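A.B. asks: Here it is, the structure in full.
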Amino acid sequence: MFIDNMINQSGAPLLEQVLQFTAARHKLIAENMANIDVPGYLQKDLDIHRFQEMLSSAVENGQTGLAADDFDRITNDVQNPTNSILFHDGNNRSIEQLASDQAKNALMHNLVIELLRDQYQGLNMALAEKVS
Amino acid sequence: MIEGLNNLASQIGGVGSTGSVAPAKTTGATGGASFADTLKNSIDEVSRLQQDASDAVNNLMTGQTENVNGVMTAVEKSDLAFKTLLAIRSKLMDAYEEIKNIPI
Amino acid sequence: MFDTLDISSSGLTAQRIRLDTIAQNVANMNTTRDANGKPNPYQRRFAVFATGQVDNPDAPGVHVQSIQLDDKSKFRVKYEPDNPDAGPDGNVRLPNVDMAIEMVNALEASRAYEANVTTMEVTKSMISASLRLLA
């Protein structure tokens with residue numbers, strides 16, 4: 001329990017959940033990109049605003065992250081956003097939206113990796129008792 | 001960086017801005033802050049900076065802020081403060097070892 | 001994360017097959033005889049995409065379901081009485097390939113191909129960033 005507390009200190013579980021969420025969202029964006037010319041294909045996405053709201057309420061309640069089944073539910077809840085034009089072939093693609101979503105998602109993913117690495121490095125430094 | 005460490009050394013010495021190094025006092029005296037108080041303040045400062053960094057990261061994750069620069073700066077500041085505290089601790093341990101080995 | 005690369009590569013394959021059909025259409029723009037040498041003008045072909053991988057329609061991705069003949073658009077007709085392939089009225093039936101349409105489709109296919117390549121690059125950078133966690 002003591003080792004558990006040390007490893008899960010200061011937001012590392014929350015960062016890991018964000019990492020899994022962005023990875024799942026990247027997979028959906030890649031699928032949308034591959035199906036950009038398929039007639040009748042509707043774009044898929046995860047609800048990132050709801051995810052952020054759930055994270056925010058978890059942080060306010062002092063939890064270290066979302067509960068496991070809440071997190072599973074929101075990561076597997078694939079939706080069809082309807083904010084782009086429906087073309088004649090039944091596909092509501094928008095390559096500009098996809099490209100910008102992909103860039104934002106990937107940047108957030110890489111940023112969270114850096115933050116996590118930084119935290120673990122801090123722990124390593126403290127344990128090794130020297131400034132690395 | 002050498003100047004920074006010299007500044008730290010003079011502050012720990014207890015007099016600070018005048019530049020002369022007074023012998024370290026272990027109890028609060030009529031002069032400047034005691035060494036124990038300075039150390040405690042430094043630890044509180046590091047803890048505060050780490051809490052700030054953690055709050056900034058949480059704000060970024062929950063979408064309440066878009067200021068990535070601010071978050072990275074806060075994280076870097078807390079990192080530097082922690083490394084400084086660690087370096088001070090190492091120097092103190094080395095000094096203690098040296099004093100311990102002085103033959104009477 | 002690694003199966004995200006499979007999704008993008010299925011997109012690449014599908015777009016390349018589409019580009020192949022376009023290339024064949026353009027190459028056969030003036031073909032008036034079929035493989036047996038009989039007078040039978042070349043019919044334009046196009047690729048039909050569908051969601052899902054080739055071997056597993058439920059897995060995410062895209063694949064070419066079939067390559068179909070375009071029998072909706074009419075053959076081009078040209079009056080050339082001394083052409084050996086001319087009909088009794090002196091008209092030659094040429095393939096129903098419109099260069100402008102093929103070029104625009106080729107542009108679209110190459111744009112979609114680039115989009116999938118970009119997605120693959122992004123996936124690779126995300127996986128490489130995860131490797132830095134250990135460093």
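Letters A, B, ... go to the chains of the structure tokens in the order shown; residues in each chain start at 1; ligands are counted from 1 in the same order.
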Taking only residues of range 25-82 of chain A that have an atom at most 8 Å from an atom of range 58-68 of chain C, what is each one's shortest atom pair and its distance in Å to one decimal, using only C-alpha atoms, in chain and number order, as a Markdown table?
C.D. replies:
```
| residue | atom | partner | partner_atom | distance |
| --- | --- | --- | --- | --- |
| A:Glu31 | CA | C:Gly61 | CA | 5.7 |
| A:Ala34 | CA | C:Val62 | CA | 6.1 |
| A:Asn35 | CA | C:Val62 | CA | 5.7 |
| A:Val38 | CA | C:Val62 | CA | 7.8 |
```
A.B. asks: Take the residues just selected and output them with N, CA, C and O atoms as a PDB file, in the first residue's frame.
C.D. replies:
```pdb
ATOM      1  N   GLU A  31      -9.273   5.567 -38.488  1.00  0.00           N
ATOM      2  CA  GLU A  31     -10.308   4.860 -39.229  1.00  0.00           C
ATOM      3  C   GLU A  31     -11.108   5.827 -40.093  1.00  0.00           C
ATOM      4  O   GLU A  31     -11.433   5.535 -41.237  1.00  0.00           O
ATOM      5  N   ALA A  34      -9.081   6.581 -43.167  1.00  0.00           N
ATOM      6  CA  ALA A  34      -9.018   5.499 -44.150  1.00  0.00           C
ATOM      7  C   ALA A  34     -10.321   5.403 -44.918  1.00  0.00           C
ATOM      8  O   ALA A  34     -10.341   5.067 -46.094  1.00  0.00           O
ATOM      9  N   ASN A  35     -11.452   5.725 -44.258  1.00  0.00           N
ATOM     10  CA  ASN A  35     -12.759   5.582 -44.887  1.00  0.00           C
ATOM     11  C   ASN A  35     -13.250   6.873 -45.484  1.00  0.00           C
ATOM     12  O   ASN A  35     -14.449   7.114 -45.555  1.00  0.00           O
ATOM     13  N   VAL A  38     -15.483   6.327 -48.646  1.00  0.00           N
ATOM     14  CA  VAL A  38     -16.445   5.226 -48.674  1.00  0.00           C
ATOM     15  C   VAL A  38     -17.849   5.793 -48.598  1.00  0.00           C
ATOM     16  O   VAL A  38     -18.167   6.545 -47.684  1.00  0.00           O
TER      17      VAL A  38
END
```
A.B. asks: Which of chain C end up as strand (DSSP E or B) when DSSP is run on this backbone - answer as a PyMOL selection string?
C.D. replies: chain C and resi 33+39+45-51+62-69+76-79+91-94
A.B. asks: Can I get the selection written as a compact mmCIF listing (two decimals), in the first residue's frame, with N, CA, C and O atoms?
C.D. replies:
```
# COMPACT_ATOMS: atom_id res chain seq x y z
N ARG C 33 -10.70 -2.34 -79.40
CA ARG C 33 -10.84 -3.78 -79.49
C ARG C 33 -10.58 -4.40 -78.13
O ARG C 33 -9.80 -3.89 -77.35
N PRO C 39 -13.99 -6.13 -82.23
CA PRO C 39 -14.30 -4.71 -82.00
C PRO C 39 -15.27 -4.56 -80.83
O PRO C 39 -16.46 -4.84 -80.95
N ARG C 45 -13.74 1.52 -65.82
CA ARG C 45 -13.92 0.79 -64.58
C ARG C 45 -13.76 1.74 -63.40
O ARG C 45 -13.06 2.73 -63.50
N PHE C 46 -14.38 1.39 -62.28
CA PHE C 46 -14.15 2.16 -61.06
C PHE C 46 -14.19 1.21 -59.87
O PHE C 46 -14.81 0.15 -59.91
N ALA C 47 -13.48 1.62 -58.80
CA ALA C 47 -13.38 0.78 -57.60
C ALA C 47 -14.47 1.16 -56.62
O ALA C 47 -14.76 2.33 -56.42
N VAL C 48 -15.08 0.14 -56.00
CA VAL C 48 -16.12 0.37 -55.00
C VAL C 48 -15.51 0.08 -53.63
O VAL C 48 -15.02 -1.01 -53.38
N PHE C 49 -15.52 1.10 -52.76
CA PHE C 49 -14.95 0.93 -51.41
C PHE C 49 -16.01 0.47 -50.44
O PHE C 49 -17.20 0.75 -50.62
N ALA C 50 -15.56 -0.22 -49.39
CA ALA C 50 -16.46 -0.58 -48.29
C ALA C 50 -15.67 -0.57 -47.01
O ALA C 50 -14.45 -0.79 -47.00
N THR C 51 -16.37 -0.33 -45.88
CA THR C 51 -15.71 -0.31 -44.58
C THR C 51 -15.32 -1.72 -44.17
O THR C 51 -15.96 -2.68 -44.56
N VAL C 62 -10.61 -0.04 -44.37
CA VAL C 62 -11.36 0.10 -45.61
C VAL C 62 -10.79 -0.91 -46.61
O VAL C 62 -9.64 -1.33 -46.48
N HIS C 63 -11.63 -1.36 -47.54
CA HIS C 63 -11.11 -2.25 -48.57
C HIS C 63 -11.92 -2.05 -49.83
O HIS C 63 -13.03 -1.48 -49.80
N VAL C 64 -11.36 -2.50 -50.93
CA VAL C 64 -12.05 -2.41 -52.21
C VAL C 64 -12.95 -3.63 -52.34
O VAL C 64 -12.49 -4.76 -52.34
N GLN C 65 -14.25 -3.37 -52.40
CA GLN C 65 -15.19 -4.49 -52.44
C GLN C 65 -15.21 -5.12 -53.83
O GLN C 65 -15.22 -6.34 -53.95
N SER C 66 -15.23 -4.28 -54.87
CA SER C 66 -15.23 -4.83 -56.22
C SER C 66 -14.80 -3.74 -57.17
O SER C 66 -14.82 -2.56 -56.83
N ILE C 67 -14.41 -4.16 -58.36
CA ILE C 67 -14.10 -3.20 -59.42
C ILE C 67 -15.17 -3.38 -60.48
O ILE C 67 -15.27 -4.45 -61.08
N GLN C 68 -15.98 -2.37 -60.65
CA GLN C 68 -17.16 -2.51 -61.49
C GLN C 68 -17.00 -1.78 -62.80
O GLN C 68 -16.27 -0.78 -62.88
N LEU C 69 -17.72 -2.25 -63.79
CA LEU C 69 -17.75 -1.58 -65.09
C LEU C 69 -18.76 -0.46 -65.04
O LEU C 69 -19.80 -0.57 -64.40
N ARG C 76 -18.23 7.25 -76.43
CA ARG C 76 -18.05 8.41 -77.32
C ARG C 76 -18.17 7.91 -78.77
O ARG C 76 -17.72 6.81 -79.08
N VAL C 77 -18.72 8.73 -79.60
CA VAL C 77 -18.94 8.32 -80.99
C VAL C 77 -18.19 9.29 -81.89
O VAL C 77 -18.28 10.50 -81.72
N LYS C 78 -17.43 8.71 -82.86
CA LYS C 78 -16.66 9.57 -83.76
C LYS C 78 -16.88 9.09 -85.18
O LYS C 78 -16.89 7.88 -85.45
N TYR C 79 -17.02 10.03 -86.09
CA TYR C 79 -17.31 9.65 -87.48
C TYR C 79 -16.00 9.44 -88.22
O TYR C 79 -15.26 10.39 -88.47
N ASN C 91 -19.55 5.35 -87.99
CA ASN C 91 -19.18 5.84 -86.65
C ASN C 91 -18.34 4.80 -85.92
O ASN C 91 -18.59 3.60 -86.00
N VAL C 92 -17.31 5.32 -85.21
CA VAL C 92 -16.49 4.46 -84.35
C VAL C 92 -16.90 4.71 -82.89
O VAL C 92 -17.01 5.88 -82.48
N ARG C 93 -17.14 3.64 -82.14
CA ARG C 93 -17.46 3.82 -80.73
C ARG C 93 -16.17 3.78 -79.92
O ARG C 93 -15.43 2.78 -79.98
N LEU C 94 -15.89 4.89 -79.19
CA LEU C 94 -14.68 4.97 -78.39
C LEU C 94 -15.04 4.82 -76.91
O LEU C 94 -16.19 5.06 -76.54
```
A.B. asks: Which is closer to His26 in chain A than all the others in A:Thr75, A:Gln121, A:Asn80, A:Ser94, using only C-alpha atoms?
C.D. replies: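 For His26 in chain A, the nearest of the candidates is A:Thr75.
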A.B. asks: For chain A, report every residue with an atom at most 10 Å from chain C (counting only C-alpha atoms), formatted as a ChimeraX atom specification.
C.D. replies: /A:19-20,23-24,26-41,95,98-99,102-103,105-118,120-121
A.B. asks: With a distance cut-off of 10 Å and only C-alpha atoms, select the neighbouring residues of Gln64 in chain B, excluding the residue or stretch itself and same-chain residues fewer than 6 positions from it, and output the selection as a PyMOL selection string.
C.D. replies: (chain A and resi 52-53+56) or (chain B and resi 56+58)
A.B. asks: Between C:Arg44, C:Met99, C:Glu121, C:Lys38, which has the minimum distance to Pro84 in chain C (counting only C-alpha atoms)?
C.D. replies: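 Closest candidate: C:Lys38.
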A.B. asks: Identify all chain A residues at most 9 Å from chain B by counting only C-alpha atoms; ligands do not count. Present them as a ChimeraX atom specification.
C.D. replies: /A:10-11,14-15,18,49,51-56,59,108,112,115,118,122,125-126,129-132
A.B. asks: Take the residues just selected and output them with N, CA, C and O atoms as a compact mmCIF listing (two decimals), in the first residue's frame.
C.D. replies:
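Written out: result22.txt:
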```
# COMPACT_ATOMS: atom_id res chain seq x y z
N SER A 10 0.44 12.32 -7.01
CA SER A 10 0.35 13.57 -7.78
C SER A 10 -0.01 13.37 -9.25
O SER A 10 0.69 13.80 -10.12
N GLY A 11 -1.12 12.71 -9.50
CA GLY A 11 -1.69 12.83 -10.84
C GLY A 11 -1.20 11.85 -11.86
O GLY A 11 -1.61 11.94 -13.01
N LEU A 14 -4.16 9.83 -13.36
CA LEU A 14 -4.98 10.66 -14.24
C LEU A 14 -4.31 10.82 -15.60
O LEU A 14 -4.95 10.72 -16.65
N LEU A 15 -2.99 11.06 -15.58
CA LEU A 15 -2.26 11.21 -16.84
C LEU A 15 -2.32 9.92 -17.65
O LEU A 15 -2.46 9.96 -18.88
N VAL A 18 -5.63 9.75 -19.38
CA VAL A 18 -5.68 10.65 -20.55
C VAL A 18 -4.94 10.02 -21.71
O VAL A 18 -5.37 10.09 -22.87
N HIS A 49 -15.37 16.24 -24.57
CA HIS A 49 -15.84 17.22 -23.58
C HIS A 49 -16.37 16.53 -22.36
O HIS A 49 -16.11 16.94 -21.22
N PHE A 51 -15.52 13.59 -21.35
CA PHE A 51 -14.37 13.00 -20.66
C PHE A 51 -13.71 14.04 -19.77
O PHE A 51 -13.38 13.77 -18.61
N GLN A 52 -13.53 15.25 -20.31
CA GLN A 52 -12.89 16.29 -19.51
C GLN A 52 -13.75 16.70 -18.33
O GLN A 52 -13.23 16.98 -17.23
N GLU A 53 -15.08 16.70 -18.52
CA GLU A 53 -15.95 17.03 -17.38
C GLU A 53 -15.84 15.98 -16.30
O GLU A 53 -15.80 16.29 -15.10
N MET A 54 -15.79 14.70 -16.71
CA MET A 54 -15.68 13.63 -15.72
C MET A 54 -14.36 13.73 -14.96
O MET A 54 -14.30 13.55 -13.74
N LEU A 55 -13.27 14.06 -15.72
CA LEU A 55 -11.98 14.22 -15.06
C LEU A 55 -12.03 15.37 -14.06
O LEU A 55 -11.52 15.27 -12.95
N SER A 56 -12.67 16.47 -14.49
CA SER A 56 -12.71 17.65 -13.64
C SER A 56 -13.46 17.36 -12.34
O SER A 56 -13.03 17.75 -11.25
N VAL A 59 -11.26 15.23 -10.11
CA VAL A 59 -10.20 16.01 -9.46
C VAL A 59 -10.78 16.81 -8.30
O VAL A 59 -10.19 16.91 -7.23
N MET A 108 -1.39 16.39 -27.71
CA MET A 108 -1.76 16.18 -26.31
C MET A 108 -1.17 14.87 -25.80
O MET A 108 -0.65 14.80 -24.69
N VAL A 112 1.46 14.61 -22.71
CA VAL A 112 1.18 13.86 -21.48
C VAL A 112 2.28 12.85 -21.22
O VAL A 112 2.66 12.60 -20.06
N LEU A 115 5.00 14.72 -19.54
CA LEU A 115 4.68 15.03 -18.15
C LEU A 115 4.85 13.79 -17.26
O LEU A 115 5.39 13.85 -16.16
N ASP A 118 8.45 13.04 -16.74
CA ASP A 118 9.01 13.98 -15.79
C ASP A 118 8.73 13.55 -14.36
O ASP A 118 9.60 13.60 -13.48
N GLY A 122 11.40 12.40 -11.50
CA GLY A 122 11.52 13.01 -10.18
C GLY A 122 11.62 11.95 -9.08
O GLY A 122 12.45 12.04 -8.18
N MET A 125 15.01 10.36 -9.21
CA MET A 125 16.04 11.22 -8.63
C MET A 125 16.02 11.14 -7.12
O MET A 125 17.06 11.06 -6.47
N ALA A 126 14.81 11.17 -6.56
CA ALA A 126 14.70 11.15 -5.11
C ALA A 126 15.22 9.83 -4.56
O ALA A 126 15.89 9.78 -3.53
N GLU A 129 18.94 9.55 -4.77
CA GLU A 129 19.54 10.54 -3.87
C GLU A 129 20.60 11.36 -4.54
O GLU A 129 21.49 11.86 -3.89
N LYS A 130 20.50 11.46 -5.87
CA LYS A 130 21.40 12.42 -6.49
C LYS A 130 20.68 13.06 -7.67
O LYS A 130 19.76 12.49 -8.22
N VAL A 131 21.14 14.25 -8.01
CA VAL A 131 20.52 14.96 -9.12
C VAL A 131 21.07 14.37 -10.41
O VAL A 131 22.24 14.49 -10.72
N SER A 132 20.18 13.76 -11.20
CA SER A 132 20.68 13.08 -12.40
C SER A 132 20.82 14.06 -13.56
O SER A 132 20.12 15.04 -13.60
```
A.B. asks: Kindly give the distance, in Å, that separates CA of Asp77 in chain A and CA of Asp45 in chain A, rounded to a single decimal.
C.D. replies: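 Atom-to-atom, CA of Asp77 in chain A and CA of Asp45 in chain A are spaced 8.6 Å apart.
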A.B. asks: Quick one: distance from CA of Asp4 in chain A to CA of Leu49 in chain B in Å, one decimal?
C.D. replies: 23.4 Å
A.B. asks: Taking only C-alpha atoms into account, name the residue in A:Leu66, A:Ile3, A:Lys44, A:Leu123 that is nearest to Asn83 in chain A.
C.D. replies: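 Distance minimum relative to Asn83 in chain A lands on A:Lys44.
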A.B. asks: Counting only C-alpha atoms, which of C:Asn56, C:Asn96, C:Gln24, C:Ser110 gets nearest to Gln43 in chain C?
C.D. replies: C:Asn96
A.B. asks: What does the distance from CA of Asp52 in chain B to CA of Lys77 in chain B come to in Å, to one decimal?
C.D. replies: 9.7 Å
